[in-house]
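Okay, structure first, notes after.
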Amino acid sequence: MYAENGALRKLTVFETLFYFIISILLNGLANALTVATNLGSAIWTASAANLASYLHSGLGLILFLYGIIVIFVNIVLLRRVDMRRIIGNLIFIMPFSYLVQQFTKMFVELGVGRLPFGPRIALDLVGVVLIGVAVSIYQRVRIVLHPNDDLSYILRFSFFHGNAAIGQYVSYTLPLLVVLFCWLQTKSLVAINIGTAISLVIQGPITGWSDKHVFTHLKHRPTI
């Protein structure tokens with residue numbers, strides 16, 4: 001939805017595609033940046049990276065399978081099978097998983113992981129903030145959502161009265177359990193560091209802040 005003179009109107013096809021492409025590219029780039037710095041990824045990506053390491057599998061594949069699992073969680077929370085929503089989730093996770101894997105490869109080849117600590121932590125924080133911004137954009141456009149962000153959206157508006165931070169925090173339960181499982185199995189962790197802790201604290205509030213300050217004409221449709 002688009003706010004215009006106090007009223008809401010639907011986005012045009014061009015506007016919808018424009019904001020969606022910006023948000024998915026930004027999200028893929030930002031997640032890859034946090035992985036490449038090796039100072040802690042956002043918890044969903046960090047969790048997937050640990051599972052990929054444990055299973056000796058590609059990160060893109062694990063991110064895709066993660067999305068499938070979360071789709072089923074969302075069906076349980078909604079207590080209905082919404083095929084349009086499910087197809088939208090699948091449309092999102094296929095390019096997103098590929099983008100994260102390719103952008104990560106690019107940043108690794110550019111030597112991001114070999115930079116001194118100061119620049120790496122700065123880039124990691126930039127990545128964490130940009131993830132929150134990207135989530136805010138495509139949650140408001142809401143043509144299709146990543147299942148993980150659809151989960152936080154469902155929690156936010158169905159259970160927590162629109163509070164972005166609480167909805168985000170509760171949605172972290174699943175990836176935290178996966179991280180715990182991987183640690184118990186391997187006694188080591190990857191992609192978990194100071195950036196992960198910061199992401200856990202600020203990503204929800206950053207999403208809420210972005211709702212009000214980034215592309216402010218885009219408005220939520222808090223119907224589930």
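Residues are named by chain letter and number: chains run A, B, ... in the order of the structure tokens, numbers start at 1 in each chain, and ligands are numbered from 1 in the order shown.
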- Message: Show me, as a list of chain:residue names, the residues that have an atom within 7 Å of region 203-205 of chain A when counting only C-alpha atoms, minus same-chain residues fewer than 2 positions from it.
- Response: A:Val128, A:Val129, A:Gly132, A:Ala164, A:Ala165, A:Gln168, A:Ser199, A:Leu200, A:Val201, A:Thr207, A:Gly208, A:Trp209
- Task: Determine which residues of region 49-197 of chain A receive a DSSP assignment of alpha helix (DSSP H), computed from the backbone, and state them as a PyMOL selection string.
- Result: chain A and resi 49-55+59-78+83-109+117-141+147-159+164-171+173-186+194-197
- Tell me, as a VMD selection string, which residues lie within 9 Å of Ala30 (chain A), counting only C-alpha atoms; anything in the same chain fewer than 4 positions away does not count. chain A and resid 25 to 26 34 to 35 100 103 124 126 to 131 134
Residue subset to file, keeping N, CA, C and O atoms, as a PDB file, in the first residue's frame:
```
ATOM      1  N   LEU A  25      17.526  -7.577  -3.343  1.00  0.00           N
ATOM      2  CA  LEU A  25      18.955  -7.380  -3.592  1.00  0.00           C
ATOM      3  C   LEU A  25      19.660  -6.879  -2.339  1.00  0.00           C
ATOM      4  O   LEU A  25      20.748  -7.356  -1.982  1.00  0.00           O
ATOM      5  N   LEU A  26      19.033  -5.943  -1.645  1.00  0.00           N
ATOM      6  CA  LEU A  26      19.612  -5.385  -0.426  1.00  0.00           C
ATOM      7  C   LEU A  26      19.734  -6.454   0.652  1.00  0.00           C
ATOM      8  O   LEU A  26      20.760  -6.554   1.343  1.00  0.00           O
ATOM      9  N   THR A  34      27.518  -9.943   6.035  1.00  0.00           N
ATOM     10  CA  THR A  34      27.726 -10.406   7.411  1.00  0.00           C
ATOM     11  C   THR A  34      28.423 -11.769   7.452  1.00  0.00           C
ATOM     12  O   THR A  34      29.227 -12.030   8.356  1.00  0.00           O
ATOM     13  N   VAL A  35      28.144 -12.619   6.478  1.00  0.00           N
ATOM     14  CA  VAL A  35      28.817 -13.918   6.419  1.00  0.00           C
ATOM     15  C   VAL A  35      30.294 -13.727   6.094  1.00  0.00           C
ATOM     16  O   VAL A  35      31.174 -14.328   6.727  1.00  0.00           O
ATOM     17  N   VAL A 100      22.406 -14.777  -1.832  1.00  0.00           N
ATOM     18  CA  VAL A 100      23.272 -14.825  -0.651  1.00  0.00           C
ATOM     19  C   VAL A 100      24.537 -15.620  -0.962  1.00  0.00           C
ATOM     20  O   VAL A 100      25.655 -15.200  -0.621  1.00  0.00           O
ATOM     21  N   PHE A 103      26.707 -13.510  -3.577  1.00  0.00           N
ATOM     22  CA  PHE A 103      27.277 -12.306  -2.974  1.00  0.00           C
ATOM     23  C   PHE A 103      28.341 -12.667  -1.940  1.00  0.00           C
ATOM     24  O   PHE A 103      29.356 -11.978  -1.814  1.00  0.00           O
ATOM     25  N   ASP A 124      30.167  -5.426   9.115  1.00  0.00           N
ATOM     26  CA  ASP A 124      29.211  -6.359   9.692  1.00  0.00           C
ATOM     27  C   ASP A 124      27.997  -5.614  10.231  1.00  0.00           C
ATOM     28  O   ASP A 124      26.847  -6.021  10.015  1.00  0.00           O
ATOM     29  N   VAL A 126      26.964  -2.653   9.265  1.00  0.00           N
ATOM     30  CA  VAL A 126      26.237  -2.139   8.104  1.00  0.00           C
ATOM     31  C   VAL A 126      25.315  -3.226   7.554  1.00  0.00           C
ATOM     32  O   VAL A 126      24.144  -2.975   7.240  1.00  0.00           O
ATOM     33  N   GLY A 127      25.844  -4.457   7.456  1.00  0.00           N
ATOM     34  CA  GLY A 127      25.035  -5.571   6.967  1.00  0.00           C
ATOM     35  C   GLY A 127      23.819  -5.828   7.839  1.00  0.00           C
ATOM     36  O   GLY A 127      22.704  -6.007   7.332  1.00  0.00           O
ATOM     37  N   VAL A 128      24.014  -5.836   9.152  1.00  0.00           N
ATOM     38  CA  VAL A 128      22.908  -6.080  10.084  1.00  0.00           C
ATOM     39  C   VAL A 128      21.828  -5.016   9.937  1.00  0.00           C
ATOM     40  O   VAL A 128      20.631  -5.321   9.891  1.00  0.00           O
ATOM     41  N   VAL A 129      22.243  -3.755   9.850  1.00  0.00           N
ATOM     42  CA  VAL A 129      21.279  -2.661   9.715  1.00  0.00           C
ATOM     43  C   VAL A 129      20.531  -2.764   8.386  1.00  0.00           C
ATOM     44  O   VAL A 129      19.300  -2.609   8.332  1.00  0.00           O
ATOM     45  N   LEU A 130      21.252  -3.068   7.301  1.00  0.00           N
ATOM     46  CA  LEU A 130      20.614  -3.143   5.982  1.00  0.00           C
ATOM     47  C   LEU A 130      19.628  -4.301   5.887  1.00  0.00           C
ATOM     48  O   LEU A 130      18.640  -4.210   5.153  1.00  0.00           O
ATOM     49  N   ILE A 131      19.883  -5.386   6.621  1.00  0.00           N
ATOM     50  CA  ILE A 131      18.914  -6.485   6.656  1.00  0.00           C
ATOM     51  C   ILE A 131      17.596  -5.988   7.235  1.00  0.00           C
ATOM     52  O   ILE A 131      16.520  -6.254   6.699  1.00  0.00           O
ATOM     53  N   ALA A 134      15.860  -3.807   4.684  1.00  0.00           N
ATOM     54  CA  ALA A 134      15.291  -4.599   3.589  1.00  0.00           C
ATOM     55  C   ALA A 134      14.010  -5.298   4.018  1.00  0.00           C
ATOM     56  O   ALA A 134      13.021  -5.317   3.276  1.00  0.00           O
TER      57      ALA A 134
END
```
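Excluding Phe107 (chain A) itself and same-chain residues fewer than 5 positions from it, the residues having an atom within 8 Å of it are A:Ala32, A:Leu33, A:Ala36, A:Val112, A:Gly113, counting only C-alpha atoms.
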How would the residues just chosen look if you wrote them out with N, CA and C atoms as an mmCIF file, in the first residue's frame?
```cif
data_model
loop_
_atom_site.group_PDB
_atom_site.id
_atom_site.type_symbol
_atom_site.label_atom_id
_atom_site.label_comp_id
_atom_site.auth_asym_id
_atom_site.auth_seq_id
_atom_site.Cartn_x
_atom_site.Cartn_y
_atom_site.Cartn_z
ATOM 1 N N ALA A 32 25.002 -11.588 2.898
ATOM 2 C CA ALA A 32 26.298 -12.067 2.421
ATOM 3 C C ALA A 32 27.441 -11.292 3.067
ATOM 4 N N LEU A 33 27.259 -10.008 3.246
ATOM 5 C CA LEU A 33 28.295 -9.181 3.864
ATOM 6 C C LEU A 33 28.572 -9.632 5.291
ATOM 7 N N ALA A 36 30.598 -12.873 5.122
ATOM 8 C CA ALA A 36 31.966 -12.691 4.646
ATOM 9 C C ALA A 36 32.874 -12.056 5.698
ATOM 10 N N VAL A 112 37.143 -9.427 1.995
ATOM 11 C CA VAL A 112 36.483 -8.803 3.146
ATOM 12 C C VAL A 112 36.882 -9.489 4.455
ATOM 13 N N GLY A 113 36.982 -10.818 4.428
ATOM 14 C CA GLY A 113 37.327 -11.551 5.642
ATOM 15 C C GLY A 113 38.748 -11.350 6.108
#
```
- Could you pull the residues within 12 Å of Leu189 (chain A), counting only C-alpha atoms, minus those fewer than 3 positions along the same chain, as a ChimeraX atom specification? /A:38-41,46-54,178-186,192-193,196
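Of the residues under consideration (A:Leu65, A:Ile202, A:Ile137, A:Leu177), A:Leu65 shows the shortest atom-to-atom contact distance to Leu90 (chain A) when counting only C-alpha atoms.
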- Query: Any idea what's packed within 10 Å of Val144 (chain A), counting only C-alpha atoms, ignoring anything in its chain fewer than 2 positions away? Could you give it as a list in words?
  - Reply: Phe20, Arg84, Arg85, Ile86, Ile87, Gly88, Asn89, Leu90, Ile91, Phe92, Ile93, Tyr138, Gln139, Val141, Arg142, His146, Pro147 and Asp150 of chain A
